[in-house]
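Structure file structure_14.txt; described as compact mmCIF, C-alpha atoms.
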# COMPACT_ATOMS: atom_id res chain seq x y z
CA MET A 1 13.08 39.41 -53.45
CA THR A 2 10.09 37.80 -51.72
CA THR A 3 10.13 34.63 -49.66
CA THR A 4 7.33 32.16 -49.01
CA SER A 5 6.90 30.71 -45.55
CA PRO A 6 6.46 26.94 -45.33
CA PRO A 7 2.90 25.78 -44.80
CA HIS A 8 1.87 25.19 -41.19
CA PRO A 9 0.99 21.60 -40.21
CA SER A 10 -2.42 22.66 -38.96
CA SER A 11 -3.40 23.88 -42.43
CA THR A 12 -1.63 21.04 -44.18
CA LEU A 13 -3.33 18.19 -42.38
CA VAL A 14 -6.91 19.27 -41.74
CA ASN A 15 -7.97 17.19 -44.71
CA ILE A 16 -5.79 14.60 -46.40
CA SER A 17 -6.10 15.52 -50.05
CA ASP A 18 -4.36 14.51 -53.25
CA ASP A 19 -1.57 16.99 -52.65
CA ALA A 20 -1.04 16.10 -48.98
CA ASP A 21 2.30 14.41 -49.78
CA PRO A 22 4.04 17.43 -51.35
CA ARG A 23 2.53 19.75 -48.76
CA LEU A 24 3.96 17.61 -45.94
CA ILE A 25 7.36 17.69 -47.62
CA ARG A 26 7.23 21.49 -47.78
CA VAL A 27 6.60 21.53 -44.02
CA LEU A 28 9.67 19.38 -43.40
CA ALA A 29 12.04 20.92 -45.94
CA PRO A 30 13.13 24.14 -44.13
CA SER A 31 14.89 22.19 -41.35
CA THR A 32 17.08 20.24 -43.82
CA PRO A 33 20.58 21.30 -44.97
CA ASN A 34 19.44 21.80 -48.58
CA PRO A 35 15.65 22.31 -48.79
CA SER A 36 15.38 22.39 -52.60
CA SER A 37 17.44 19.24 -53.01
CA PHE A 38 15.39 17.58 -50.26
CA GLU A 39 12.09 18.48 -51.93
CA SER A 40 13.36 17.20 -55.29
CA ALA A 41 14.48 13.85 -53.83
CA CYS A 42 11.17 13.42 -52.00
CA ALA A 43 9.14 14.33 -55.09
CA SER A 44 11.03 11.71 -57.09
CA ALA A 45 10.36 9.05 -54.44
CA ILE A 46 6.65 9.96 -54.35
CA SER A 47 6.25 9.87 -58.13
CA ASN A 48 7.97 6.47 -58.26
CA GLY A 49 5.86 5.07 -55.41
CA ASP A 50 9.05 4.49 -53.40
CA ALA A 51 7.77 4.77 -49.83
CA ALA A 52 10.99 3.36 -48.36
CA GLY A 53 13.08 5.82 -50.36
CA LEU A 54 10.93 8.73 -49.20
CA LEU A 55 11.26 7.75 -45.52
CA ARG A 56 15.03 7.26 -45.85
CA THR A 57 15.35 10.71 -47.40
CA VAL A 58 13.35 12.30 -44.57
CA ILE A 59 15.39 10.46 -41.93
CA SER A 60 18.84 11.01 -43.43
CA ASN A 61 18.25 14.76 -43.90
CA GLY A 62 17.12 15.34 -40.32
CA ALA A 63 13.82 16.74 -41.56
CA ILE A 64 11.90 15.73 -38.43
CA ALA A 65 13.75 18.37 -36.38
CA GLY A 66 11.49 21.00 -37.91
CA LEU A 67 8.47 19.56 -36.13
CA LEU A 68 10.14 20.17 -32.76
CA GLN A 69 10.27 23.92 -33.29
CA SER A 70 8.41 25.99 -30.73
CA GLY A 71 6.09 27.31 -33.46
CA TYR A 72 4.36 23.93 -33.66
CA THR A 73 2.14 22.61 -30.89
CA ILE A 74 2.28 18.99 -29.78
CA ASP A 75 -0.94 18.18 -31.67
CA GLU A 76 0.38 19.79 -34.85
CA ALA A 77 3.72 17.97 -34.65
CA VAL A 78 2.00 14.65 -33.96
CA SER A 79 -0.42 15.17 -36.87
CA ALA A 80 2.41 15.78 -39.32
CA PHE A 81 4.45 12.88 -38.00
CA SER A 82 1.44 10.54 -38.11
CA LEU A 83 0.93 11.29 -41.80
CA LEU A 84 4.59 10.52 -42.39
CA THR A 85 4.35 7.16 -40.61
CA VAL A 86 1.52 6.06 -42.90
CA TYR A 87 4.19 5.46 -45.54
CA LEU A 88 5.44 2.48 -43.53
CA ASN A 89 2.37 0.54 -44.65
CA ARG A 90 3.33 1.20 -48.27
CA VAL A 91 6.88 -0.17 -48.05
CA GLY A 92 5.88 -3.71 -49.03
CA ASP A 93 8.80 -5.47 -47.35
CA ALA A 94 8.21 -6.49 -43.72
CA LYS A 95 11.90 -6.48 -42.79
CA VAL A 96 12.53 -3.05 -44.33
CA GLU A 97 9.32 -1.81 -42.73
CA ARG A 98 10.54 -2.81 -39.26
CA GLU A 99 13.94 -1.22 -39.86
CA LEU A 100 12.38 2.06 -40.97
CA CYS A 101 9.97 2.01 -38.04
CA GLY A 102 12.89 1.90 -35.62
CA ALA A 103 14.79 4.49 -37.66
CA LEU A 104 11.87 6.92 -37.47
CA ALA A 105 11.76 6.62 -33.68
CA GLU A 106 15.53 7.15 -33.49
CA ALA A 107 15.18 10.15 -35.79
CA VAL A 108 12.77 11.80 -33.34
CA ASP A 109 15.29 11.25 -30.54
CA LYS A 110 18.18 12.58 -32.65
CA ALA A 111 16.10 15.57 -33.76
CA GLY A 112 15.76 16.67 -30.14
CA GLN A 113 19.53 16.51 -29.68
CA GLN A 114 19.99 18.36 -32.96
CA LYS A 115 17.55 21.06 -31.82
CA ASN A 116 19.43 21.35 -28.53
CA GLY A 117 22.79 21.96 -30.18
CA GLY A 118 24.66 21.01 -27.02
CA VAL A 119 23.02 23.77 -24.96
CA VAL A 120 21.57 22.76 -21.59
CA ARG A 121 17.84 23.52 -21.61
CA GLU A 122 15.85 24.90 -18.73
CA GLU A 123 13.83 22.22 -16.90
CA GLU A 124 10.51 23.50 -18.26
CA GLU A 125 11.79 23.70 -21.84
CA GLU A 126 13.30 20.23 -21.54
CA GLY A 127 9.97 18.89 -20.29
CA MET A 128 8.06 20.40 -23.22
CA MET A 129 10.56 18.99 -25.72
CA ARG A 130 10.38 15.53 -24.19
CA GLU A 131 6.59 15.65 -24.13
CA LYS A 132 6.47 16.46 -27.84
CA GLN A 133 9.04 13.80 -28.76
CA SER A 134 7.37 11.03 -26.73
CA ALA A 135 3.95 12.00 -28.16
CA MET A 136 5.31 11.67 -31.70
CA VAL A 137 6.75 8.22 -31.04
CA ALA A 138 3.51 7.27 -29.25
CA ALA A 139 1.63 8.06 -32.46
CA LEU A 140 3.89 5.61 -34.28
CA PHE A 141 3.43 3.07 -31.46
CA ASN A 142 -0.36 3.23 -31.81
CA LEU A 143 -0.17 2.54 -35.55
CA ARG A 144 2.00 -0.58 -35.30
CA SER A 145 0.81 -4.09 -34.44
CA ASN A 146 4.01 -6.17 -34.42
CA GLY A 147 4.92 -7.11 -30.85
CA ASN A 148 8.66 -6.52 -31.16
CA GLU A 149 8.05 -3.17 -32.81
CA LYS A 150 5.67 -2.08 -30.07
CA VAL A 151 8.13 -3.05 -27.33
CA LYS A 152 10.95 -1.21 -29.10
CA LEU A 153 8.80 1.89 -29.58
CA LEU A 154 7.60 1.80 -25.96
CA THR A 155 11.25 1.69 -24.90
CA LYS A 156 11.92 4.84 -26.89
CA ILE A 157 8.81 6.53 -25.45
CA VAL A 158 10.07 5.80 -21.93
CA GLU A 159 13.55 7.10 -22.78
CA LEU A 160 12.13 10.32 -24.21
CA ALA A 161 9.32 10.91 -21.70
CA ASP A 162 9.54 13.70 -19.17
CA VAL A 163 9.78 12.77 -15.49
CA SER A 164 6.23 14.00 -14.91
CA ALA A 165 4.91 11.36 -17.33
CA LEU A 166 6.88 8.53 -15.72
CA SER A 167 6.34 9.20 -12.04
CA PRO A 168 4.23 6.51 -10.30
CA GLY A 169 2.29 7.18 -7.13
CA GLU A 170 -0.56 9.18 -8.67
CA ALA A 171 -4.14 7.95 -8.94
CA ARG A 172 -4.84 5.90 -12.07
CA GLY A 173 -5.92 8.04 -14.99
CA VAL A 174 -3.67 10.97 -14.13
CA CYS A 175 -0.81 9.78 -16.36
CA ALA A 176 -1.40 7.19 -19.09
CA LEU A 177 2.27 6.22 -19.48
CA ALA A 178 2.84 5.72 -15.75
CA ASP A 179 -0.34 3.61 -15.62
CA MET A 180 0.80 1.55 -18.59
CA LEU A 181 4.14 0.84 -16.89
CA ASP A 182 2.45 -0.75 -13.89
CA ALA A 183 4.04 -4.21 -14.01
CA SER A 184 0.77 -6.19 -14.06
CA THR A 185 -0.69 -3.91 -16.76
CA LEU A 186 2.41 -4.20 -18.92
CA LYS A 187 2.55 -7.99 -18.55
CA ALA A 188 -1.04 -8.23 -19.79
CA SER A 189 -0.18 -5.98 -22.74
CA LEU A 190 2.86 -8.08 -23.64
CA VAL A 191 0.66 -11.17 -23.85
CA LEU A 192 -1.61 -9.35 -26.31
CA TRP A 193 1.37 -8.17 -28.36
CA GLY A 194 2.87 -11.60 -28.83
CA GLY A 195 3.87 -13.07 -25.48
CA ASP A 196 6.73 -15.54 -25.87
CA GLY A 197 7.29 -14.34 -29.44
CA ILE A 198 8.83 -11.06 -28.25
CA ASP A 199 12.64 -11.03 -28.31
CA SER A 200 14.31 -11.14 -24.91
CA ASP A 201 16.75 -8.43 -26.02
CA GLU A 202 13.84 -6.07 -26.72
CA LEU A 203 12.31 -6.86 -23.33
CA ARG A 204 15.61 -6.22 -21.58
CA ALA A 205 15.93 -2.85 -23.29
CA LEU A 206 12.42 -1.91 -22.15
CA TYR A 207 12.92 -3.04 -18.57
CA GLU A 208 16.25 -1.22 -18.38
CA ALA A 209 14.68 1.96 -19.79
CA VAL A 210 11.98 1.92 -17.09
CA ALA A 211 14.56 1.32 -14.33
CA LYS A 212 16.64 4.25 -15.58
CA GLY A 213 13.48 6.32 -15.91
CA MET A 214 12.82 5.76 -12.22
CA ASP A 215 16.33 7.05 -11.50
CA ARG A 216 15.32 10.29 -13.23
CA VAL A 217 12.13 10.42 -11.18
CA LEU A 218 14.03 9.90 -7.92
CA ALA A 219 16.60 12.54 -8.87
CA ARG A 220 13.82 15.08 -9.52
CA LEU A 221 12.04 14.19 -6.24
CA ALA A 222 15.31 14.58 -4.32
CA LYS A 223 15.42 18.25 -5.33
CA GLY A 224 12.06 19.04 -3.73
CA GLU A 225 10.86 19.27 -0.16
CA GLU A 226 10.63 15.98 1.72
CA ASP A 227 6.94 16.09 2.61
CA LYS A 228 4.56 13.14 2.94
CA ALA A 229 3.51 13.24 -0.74
CA THR A 230 7.14 13.27 -1.89
CA VAL A 231 8.03 10.32 0.34
CA MET A 232 5.09 8.32 -1.05
CA LYS A 233 6.10 9.09 -4.64
CA SER A 234 9.72 8.25 -3.86
CA ASN A 235 8.74 4.88 -2.36
CA ALA A 236 6.54 4.16 -5.40
CA ALA A 237 9.43 4.98 -7.75
CA LYS A 238 11.84 2.78 -5.77
CA GLU A 239 9.37 -0.10 -5.86
CA ARG A 240 8.88 0.27 -9.61
CA LYS A 241 12.62 0.45 -10.20
CA GLN A 242 13.20 -2.73 -8.19
CA THR A 243 10.35 -4.46 -10.01
CA TYR A 244 11.86 -3.69 -13.40
CA MET A 245 15.40 -4.57 -12.37
CA LEU A 246 14.08 -7.98 -11.33
CA LEU A 247 12.09 -8.31 -14.57
CA PHE A 248 15.32 -7.52 -16.43
CA LEU A 249 17.16 -10.24 -14.49
CA GLU A 250 14.34 -12.75 -15.09
CA THR A 251 15.14 -12.69 -18.82
CA TYR A 252 18.42 -14.49 -18.03
CA LYS A 253 17.26 -18.08 -17.68
CA ASP A 254 20.67 -19.73 -18.18
CA ALA A 255 23.42 -18.97 -15.66
CA SER A 256 26.06 -19.75 -18.29
CA LYS A 257 24.82 -16.85 -20.44
CA LEU A 258 25.05 -14.11 -17.85
CA ASP A 259 26.80 -10.97 -19.07
CA ALA A 260 28.31 -7.90 -17.38
CA LYS A 261 25.00 -6.06 -17.46
CA ALA A 262 23.20 -8.93 -15.72
CA THR A 263 25.86 -8.99 -13.01
CA SER A 264 25.62 -5.23 -12.57
CA TYR A 265 21.83 -5.26 -12.20
CA ALA A 266 21.96 -8.28 -9.88
CA ARG A 267 24.34 -6.37 -7.63
CA GLU A 268 22.22 -3.20 -7.71
CA ALA A 269 18.97 -5.08 -7.07
CA SER A 270 20.58 -6.87 -4.12
CA ILE A 271 21.76 -3.58 -2.60
CA TYR A 272 18.29 -2.13 -3.08
CA ALA A 273 16.75 -5.16 -1.37
CA ILE A 274 19.05 -4.73 1.62
CA ARG A 275 18.55 -0.97 1.90
CA GLU A 276 14.76 -1.06 1.48
CA PRO A 277 13.58 -4.46 2.80
CA ILE A 278 10.38 -3.04 4.31
CA ASN A 279 9.21 -0.78 1.45
CA LEU A 280 10.10 -3.44 -1.15
CA PHE A 281 8.95 -6.43 0.90
CA SER A 282 6.42 -7.85 -1.58
CA THR A 283 8.40 -6.88 -4.67
CA GLN A 284 11.50 -8.98 -4.15
CA ARG A 285 10.40 -12.31 -2.70
CA ARG A 286 11.71 -14.15 -5.76
CA ILE A 287 15.10 -12.42 -5.85
CA LEU A 288 17.11 -15.37 -4.51
CA THR A 289 15.74 -17.67 -7.24
CA LEU A 290 17.24 -15.61 -10.08
CA PRO A 291 20.38 -17.12 -11.70
CA ALA A 292 22.06 -13.70 -11.93
CA VAL A 293 21.60 -13.12 -8.19
CA SER A 294 22.67 -16.66 -7.29
CA ALA A 295 25.87 -16.04 -9.24
CA LEU A 296 26.79 -13.35 -6.69
CA GLN A 297 27.71 -16.19 -4.30
CA LYS A 298 30.99 -16.38 -6.22
CA SER A 299 31.55 -12.80 -7.38
CA GLN A 300 30.23 -10.96 -4.28
CA PRO A 301 29.90 -13.57 -1.48
CA ALA A 302 29.53 -11.07 1.39
CA LEU A 303 26.80 -9.14 -0.42
CA TYR A 304 24.94 -12.35 -1.25
CA ASP A 305 25.18 -13.61 2.34
CA LEU A 306 23.77 -10.33 3.66
CA LEU A 307 20.98 -10.41 1.08
CA LYS A 308 20.05 -13.95 2.09
CA ILE A 309 19.85 -12.89 5.75
CA PHE A 310 17.46 -10.07 4.83
CA MET A 311 15.32 -12.42 2.77
CA GLU A 312 15.24 -15.42 5.11
CA GLY A 313 17.26 -14.84 8.26
CA LYS A 314 16.66 -13.39 11.71
CA LEU A 315 18.37 -10.85 13.91
CA GLN A 316 20.82 -13.38 15.36
CA ASP A 317 21.95 -14.32 11.85
CA TYR A 318 22.59 -10.64 11.18
CA ARG A 319 24.54 -10.26 14.43
CA ASP A 320 26.67 -13.29 13.53
CA PHE A 321 27.33 -11.75 10.10
CA THR A 322 28.46 -8.40 11.52
CA ALA A 323 30.72 -10.18 14.00
CA MET A 324 32.92 -11.39 11.12
CA PRO A 325 35.52 -8.74 10.12
CA ASP A 326 35.82 -10.02 6.55
CA LYS A 327 32.06 -9.52 6.05
CA MET A 328 31.85 -6.03 7.55
CA THR A 329 33.53 -4.40 4.54
CA VAL A 330 30.29 -4.90 2.57
CA PHE A 331 28.68 -1.93 4.32
CA ALA A 332 31.34 0.58 3.27
CA THR A 333 31.86 -0.97 -0.16
CA PHE A 334 28.21 -0.65 -1.17
CA LYS A 335 27.32 2.37 1.01
CA ILE A 336 24.84 0.44 3.14
CA ASN A 337 23.82 2.02 6.44
CA GLU A 338 24.56 -0.48 9.20
CA ASP A 339 22.32 1.17 11.82
CA GLN A 340 19.35 1.17 9.44
CA CYS A 341 20.04 -2.47 8.63
CA MET A 342 19.85 -3.31 12.32
CA LYS A 343 16.47 -1.57 12.67
CA ASN A 344 15.10 -3.32 9.58
CA MET A 345 16.32 -6.72 10.76
CA CYS A 346 14.56 -6.17 14.09
CA LEU A 347 11.30 -5.53 12.23
CA LEU A 348 11.80 -8.53 9.93
CA SER A 349 12.63 -10.77 12.89
CA LEU A 350 9.47 -9.65 14.65
CA VAL A 351 7.48 -10.42 11.49
CA SER A 352 9.04 -13.90 11.33
CA LEU A 353 8.13 -14.48 14.98
CA ALA A 354 4.56 -13.32 14.34
CA GLY A 355 4.34 -15.75 11.44
CA GLU A 356 5.09 -18.64 13.79
CA HIS A 357 2.78 -17.75 16.68
CA GLU A 358 -0.70 -16.26 16.99
CA GLU A 359 0.03 -15.12 20.55
CA ILE A 360 3.48 -13.87 21.51
CA PRO A 361 4.58 -13.02 25.06
CA TYR A 362 6.39 -9.71 25.48
CA SER A 363 9.30 -11.67 26.92
CA ALA A 364 9.67 -13.69 23.69
CA ILE A 365 9.82 -10.53 21.61
CA ALA A 366 12.30 -8.92 24.01
CA SER A 367 14.49 -12.02 23.80
CA THR A 368 14.31 -12.19 19.99
CA LEU A 369 15.14 -8.52 19.50
CA ASN A 370 17.52 -8.35 22.47
CA VAL A 371 15.71 -5.31 23.92
CA PRO A 372 14.15 -4.55 27.33
CA GLU A 373 10.49 -5.52 27.70
CA ASP A 374 9.65 -1.84 28.09
CA ASN A 375 10.65 -1.34 24.43
CA VAL A 376 8.54 -4.19 23.03
CA GLU A 377 5.41 -2.14 22.42
CA GLN A 378 7.24 0.47 20.32
CA TRP A 379 8.62 -2.27 18.09
CA VAL A 380 5.16 -3.77 17.66
CA ILE A 381 3.80 -0.34 16.74
CA ARG A 382 6.59 0.07 14.15
CA ALA A 383 5.83 -3.33 12.65
CA VAL A 384 2.11 -2.58 12.43
CA SER A 385 2.82 0.87 10.93
CA SER A 386 4.99 -0.75 8.25
CA GLY A 387 1.96 -2.75 7.07
CA LEU A 388 3.74 -6.08 7.51
CA MET A 389 1.47 -7.23 10.32
CA GLU A 390 -1.75 -6.48 12.16
CA ALA A 391 -1.83 -7.13 15.88
CA LYS A 392 -3.26 -6.03 19.21
CA MET A 393 -1.41 -5.73 22.50
CA ASP A 394 -2.84 -7.08 25.73
CA GLN A 395 -0.94 -4.94 28.23
CA LEU A 396 -2.38 -6.72 31.26
CA ARG A 397 -1.29 -10.18 30.11
CA LYS A 398 1.75 -8.75 28.30
CA VAL A 399 1.11 -10.63 25.07
CA VAL A 400 0.76 -9.62 21.42
CA LEU A 401 -2.24 -11.09 19.58
CA VAL A 402 -1.36 -11.51 15.90
CA GLU A 403 -4.29 -11.01 13.52
CA ARG A 404 -2.43 -10.98 10.21
CA CYS A 405 1.19 -11.23 9.22
CA ALA A 406 3.16 -11.06 5.96
CA VAL A 407 5.13 -14.21 5.18
CA ARG A 408 8.81 -13.66 4.41
CA GLN A 409 9.18 -17.00 2.66
CA PHE A 410 6.78 -19.77 1.76
CA GLY A 411 8.33 -23.21 1.52
CA LYS A 412 7.64 -26.73 2.74
CA LYS A 413 7.57 -25.66 6.39
CA GLU A 414 5.06 -22.90 5.70
CA TRP A 415 2.80 -25.23 3.70
CA GLY A 416 2.82 -27.62 6.67
CA ALA A 417 1.89 -24.85 9.08
CA LEU A 418 -0.93 -23.75 6.77
CA LYS A 419 -2.26 -27.32 6.65
CA VAL A 420 -2.31 -27.50 10.44
CA ARG A 421 -4.24 -24.22 10.65
CA LEU A 422 -6.75 -25.32 8.00
CA ASP A 423 -7.28 -28.66 9.73
CA THR A 424 -7.85 -26.85 13.03
CA TRP A 425 -10.29 -24.46 11.37
CA LYS A 426 -12.09 -27.38 9.72
CA ALA A 427 -12.40 -29.21 13.04
CA ASN A 428 -13.72 -26.08 14.77
CA VAL A 429 -16.33 -25.49 12.07
CA LYS A 430 -17.41 -29.14 12.23
CA GLY A 431 -17.77 -28.85 16.02
CA VAL A 432 -19.98 -25.77 15.66
CA LEU A 433 -22.16 -27.44 13.01
CA ASP A 434 -22.52 -30.61 15.12
CA ALA A 435 -23.60 -28.53 18.13
CA LEU A 436 -26.14 -26.58 16.06
CA GLU A 437 -27.48 -29.81 14.59
CA LYS A 438 -27.96 -31.38 18.01
CA SER A 439 -29.77 -28.29 19.24
CA GLY A 440 -32.09 -28.44 16.22
CA ALA A 441 -30.98 -25.05 14.96
CA VAL A 442 -30.03 -26.58 11.59
CA ALA A 443 -31.33 -29.61 9.73
CA PRO A 444 -28.93 -32.54 9.24
CA GLU A 445 -27.49 -32.98 5.73
CA ASP A 446 -28.75 -35.84 3.54
CA GLY A 447 -27.13 -39.12 4.31
CA GLN A 448 -26.23 -38.15 7.88
Have the structure of the file written as structure tokens, please.
Amino acid sequence: MTTTSPPHPSSTLVNISDDADPRLIRVLAPSTPNPSSFESACASAISNGDAAGLLRTVISNGAIAGLLQSGYTIDEAVSAFSLLTVYLNRVGDAKVERELCGALAEAVDKAGQQKNGGVVREEEEEGMMREKQSAMVAALFNLRSNGNEKVKLLTKIVELADVSALSPGEARGVCALADMLDASTLKASLVLWGGDGIDSDELRALYEAVAKGMDRVLARLAKGEEDKATVMKSNAAKERKQTYMLLFLETYKDASKLDAKATSYAREASIYAIREPINLFSTQRRILTLPAVSALQKSQPALYDLLKIFMEGKLQDYRDFTAMPDKMTVFATFKINEDQCMKNMCLLSLVSLAGEHEEIPYSAIASTLNVPEDNVEQWVIRAVSSGLMEAKMDQLRKVVLVERCAVRQFGKKEWGALKVRLDTWKANVKGVLDALEKSGAVAPEDGQ
């Protein structure tokens, strides 16, 4: 008895000919429970022009698993899968088309689990499998134009992608998916895909997938050596995770519609903000304005109070907080390092002080941080190293000259301070121009 091997995708798809359909089916058939029955059902669907029926047959029989075999390269698997997805355009019913689009993406995910058979893969093998799966779904993503479909498919790509494809911190162009998940880039893409027309549930699923993807990145980084490059990548992953947790929470506009997941992410984002207030400084300025976070005032009052101190308060506020026994349990409950919190609050308090004065005496800093004057310079160096401020130290006069400083909050008081500075600058410029005009260095303006 002789057997015939199924055609290889590379030979099947070089040219799309009249018999491309049956040849594709023969590629998929061997991975199904009953290949002959599968081929017969597909042939019937093709002859009847039933594109939806053909896709359902492929999906229900687990035929896509065959493309994940090691004998097929990523390009070959993607080519075969791309030809299969063309049938979506022949369905003729928009609702059914969307359902089948999602089902195809789920089938790729399920096929990987089916291929695994419950056996834990080696890290390298797992990475190759994920790369092939995400590339197949990416091919489907590129062929679709509906905004909700694209968001749903991108979610699946993120869920399937290997850590190496998700990790931020590399130069742009190194990894297309990581570049695409840059928050500003994704927001621009969402506008192009439909903007406000995209379902909030689909957006939440995407944002959650990215946040969980960053957990995978951080877990992988934690296994390696803690060198400078690893620390930078870890900080980038933490920042991206926090960004997407906050984007997730922003989808809850109405406090009365908060669910358990919103509460959970609000709690996690708050803990992150307290643990990493320096690294995540610019990411979480809006955190207190989110309804889900505001709701923590009732469900987790101590956590919310501590968060508010880190967002707006100063060192004395933190000391007052830690002096209350009923508040101190928050550190153990949420595994927050109290000593690190103290150091971070010192830096934030120094930044707040620098935002209020352009010239700060050493004595004022020592008083604010409750440290000896001899320790002032090391705190200034730490603040400058953090990137939150730029300053020079006049050791003879014992003052710090603030050149630039990050603003922790920007409300009515800050707008007033900005107006005063602009008015001062305007008056100084006018004085210089008047002096130049009197000296004849510049000609007077018309009408003057």
(request) Scan for residues within 9 Å of the point (10.8, -1.5, -7.4) in the coordinates of the file, using only C-alpha atoms, and reply as a list of chain:residue names. (result) A:Ala211, A:Met214, A:Asn235, A:Ala236, A:Ala237, A:Lys238, A:Glu239, A:Arg240, A:Lys241, A:Gln242, A:Thr243, A:Tyr244, A:Met245, A:Leu246, A:Ala269, A:Tyr272, A:Leu280, A:Thr283, A:Gln284
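Each of A:Arg23, A:Arg408, A:Lys150, A:Arg90 was checked against A:Ser282 using only C-alpha atoms; the smallest atom-to-atom distance is that of A:Arg408.
Excluding stretch 41-45 of chain A and any residue on its chain fewer than 2 positions from it, the residues at most 8 Å away by only C-alpha atoms are Pro22, Ile25, Ser37, Phe38, Glu39, Ser47, Asn48, Gly49, Asp50, Ala51, Gly53, Leu54, Thr57 and Val58 of chain A.
Ranking A:Leu353, A:Leu347, A:Val108, A:Ala135 by their shortest atom-to-atom distance to A:Ser385, with only C-alpha atoms included, puts A:Leu347 first.
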(request) Determine, counting only C-alpha atoms, which protein, DNA and RNA residues have an atom within 8 Å of an atom of A:Gly213; residues of the same chain fewer than 3 positions away are not included. Present the result as a PyMOL selection string. (result) chain A and resi 158-159+163+166+209-210+216-217
Emit a file covering stretch 384-389 of chain A of the preceding structure with all heavy atoms, as an mmCIF file, in the first residue's frame.
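Saved result, part.cif, follows:
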data_model
loop_
_atom_site.group_PDB
_atom_site.id
_atom_site.type_symbol
_atom_site.label_atom_id
_atom_site.label_comp_id
_atom_site.auth_asym_id
_atom_site.auth_seq_id
_atom_site.Cartn_x
_atom_site.Cartn_y
_atom_site.Cartn_z
ATOM 1 N N VAL A 384 18.246 65.425 40.761
ATOM 2 C CA VAL A 384 18.699 65.732 39.402
ATOM 3 C C VAL A 384 18.890 64.443 38.602
ATOM 4 O O VAL A 384 18.505 64.354 37.430
ATOM 5 C CB VAL A 384 20.015 66.547 39.440
ATOM 6 C CG1 VAL A 384 20.600 66.689 38.039
ATOM 7 C CG2 VAL A 384 19.756 67.927 40.046
ATOM 8 N N SER A 385 19.456 63.418 39.243
ATOM 9 C CA SER A 385 19.670 62.130 38.571
ATOM 10 C C SER A 385 18.356 61.468 38.172
ATOM 11 O O SER A 385 18.295 60.738 37.185
ATOM 12 C CB SER A 385 20.464 61.188 39.484
ATOM 13 O OG SER A 385 21.733 61.716 39.771
ATOM 14 N N SER A 386 17.309 61.727 38.936
ATOM 15 C CA SER A 386 16.002 61.133 38.629
ATOM 16 C C SER A 386 15.361 61.747 37.391
ATOM 17 O O SER A 386 14.412 61.191 36.833
ATOM 18 C CB SER A 386 15.058 61.313 39.822
ATOM 19 O OG SER A 386 14.637 62.676 39.940
ATOM 20 N N GLY A 387 15.881 62.929 36.967
ATOM 21 C CA GLY A 387 15.326 63.610 35.807
ATOM 22 C C GLY A 387 14.156 64.520 36.134
ATOM 23 O O GLY A 387 13.574 65.143 35.239
ATOM 24 N N LEU A 388 13.807 64.620 37.409
ATOM 25 C CA LEU A 388 12.663 65.445 37.800
ATOM 26 C C LEU A 388 13.010 66.923 37.918
ATOM 27 O O LEU A 388 12.122 67.774 37.970
ATOM 28 C CB LEU A 388 12.079 64.953 39.126
ATOM 29 C CG LEU A 388 11.488 63.534 39.107
ATOM 30 C CD1 LEU A 388 10.890 63.202 40.474
ATOM 31 C CD2 LEU A 388 10.417 63.409 38.021
ATOM 32 N N MET A 389 14.294 67.242 37.977
ATOM 33 C CA MET A 389 14.673 68.648 38.057
ATOM 34 C C MET A 389 16.095 68.835 37.532
ATOM 35 O O MET A 389 16.877 67.884 37.452
ATOM 36 C CB MET A 389 14.569 69.173 39.500
ATOM 37 C CG MET A 389 15.490 68.479 40.490
ATOM 38 S SD MET A 389 15.293 69.094 42.190
ATOM 39 C CE MET A 389 16.122 70.684 42.098
#
